[in-house]
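The structure appears below as structure tokens.
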Amino acid sequence: MELLATPTQSLSLGDLTILGIPITHILITTQAGVRNHCLLVAYNPLRPEQHDPSCQKSISTCQCNWEAAWWDGLAHHYLHPDFPPSIKDMLVKLENSPVRGVTTACRLQVIDVIREWRVFEMEDDIKEDALKKVRDHKGLRSL
Ligand SMILES: [Zn+2]
């Protein structure tokens, strides 16, 4: 896991020689995969097709307000280059941040979908997959 957090822009040629091409390849593609996933999530706020029946507003107004709050607050937090939040931080923040123009019932409904789709957890899935590849590679080498 520590290896996956290595800033690849500071890898020297010597580091690459030590790591070897297969491990370096896993490292670089995993970091790019996580980065692309985060950008995709940040740029595509979830737009639920239905909202809570208790909501007095039209679904499009609800979606617009949700989208504005997502972009103005959550995405900035999520993409922070120095202090990226953990998956738990993101879910806690979502649950505890009221969104202007979106009822609590509507907001919680979206959060349920986000949890169900493992939107934030997908980052961990990508890293787990990379670790499995590293283990498989090491296993092959020790044969
Ligand atoms: Zn609503």
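Here, A, B, ... name the chains of the structure tokens in the order displayed, residue numbers run from 1 inside each chain, and ligands are numbered from 1 in the same displayed order.
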
Report task. Taking only C-alpha atoms and all ligand atoms into account, report as a PyMOL selection string which residues have an atom no farther than 10 Å from an atom of ligand 1. Result -> chain A and resi 48+50-63+65-66+101-107+109-110

Report task. Have a look at A:Ile114, A:Arg141, A:Leu16, A:Ala69 and name the one nearest to A:Val99; count only C-alpha atoms. Result ->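 Smallest distance to A:Val99 is found for A:Ala69.
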
**Report entry** d(atom CA of A:Leu94, atom CA of A:Asn44) in Å
**Finding:**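 Those two atoms sit 15.5 Å apart.
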
Report task. Pick out the residues sitting within 9 Å of stretch 82-89 of chain A, and hand them over as a PyMOL selection string; count only C-alpha atoms, and ignore anything fewer than 6 positions along from it in its own chain. Result -> chain A and resi 120-121+123-124

Query raised in the report: Which residue gives the smallest distance to A:Arg135 among A:Arg118, A:His76, A:Ala32, A:Pro22, with only C-alpha atoms counted?
Result: A:Pro22

**Report entry** Residues within 10 Å of A:Ile26, only C-alpha atoms, excluding chain neighbours under 2 positions, as a list in words
**Finding:** Leu4, Ile21, Pro22, Ile23, Thr24, Ile28, Thr29, Thr30, Gln31, Ala32, Lys127, Asp129, Ala130, Leu131, Lys133 and Val134 of chain A

**Report entry** Exercise: A:Val119 partners within 10 Å, only C-alpha atoms, chain neighbours under 3 positions left out, as a PyMOL selection string
**Finding:** chain A and resi 37-38+41+46+87+111+113-116+122-123
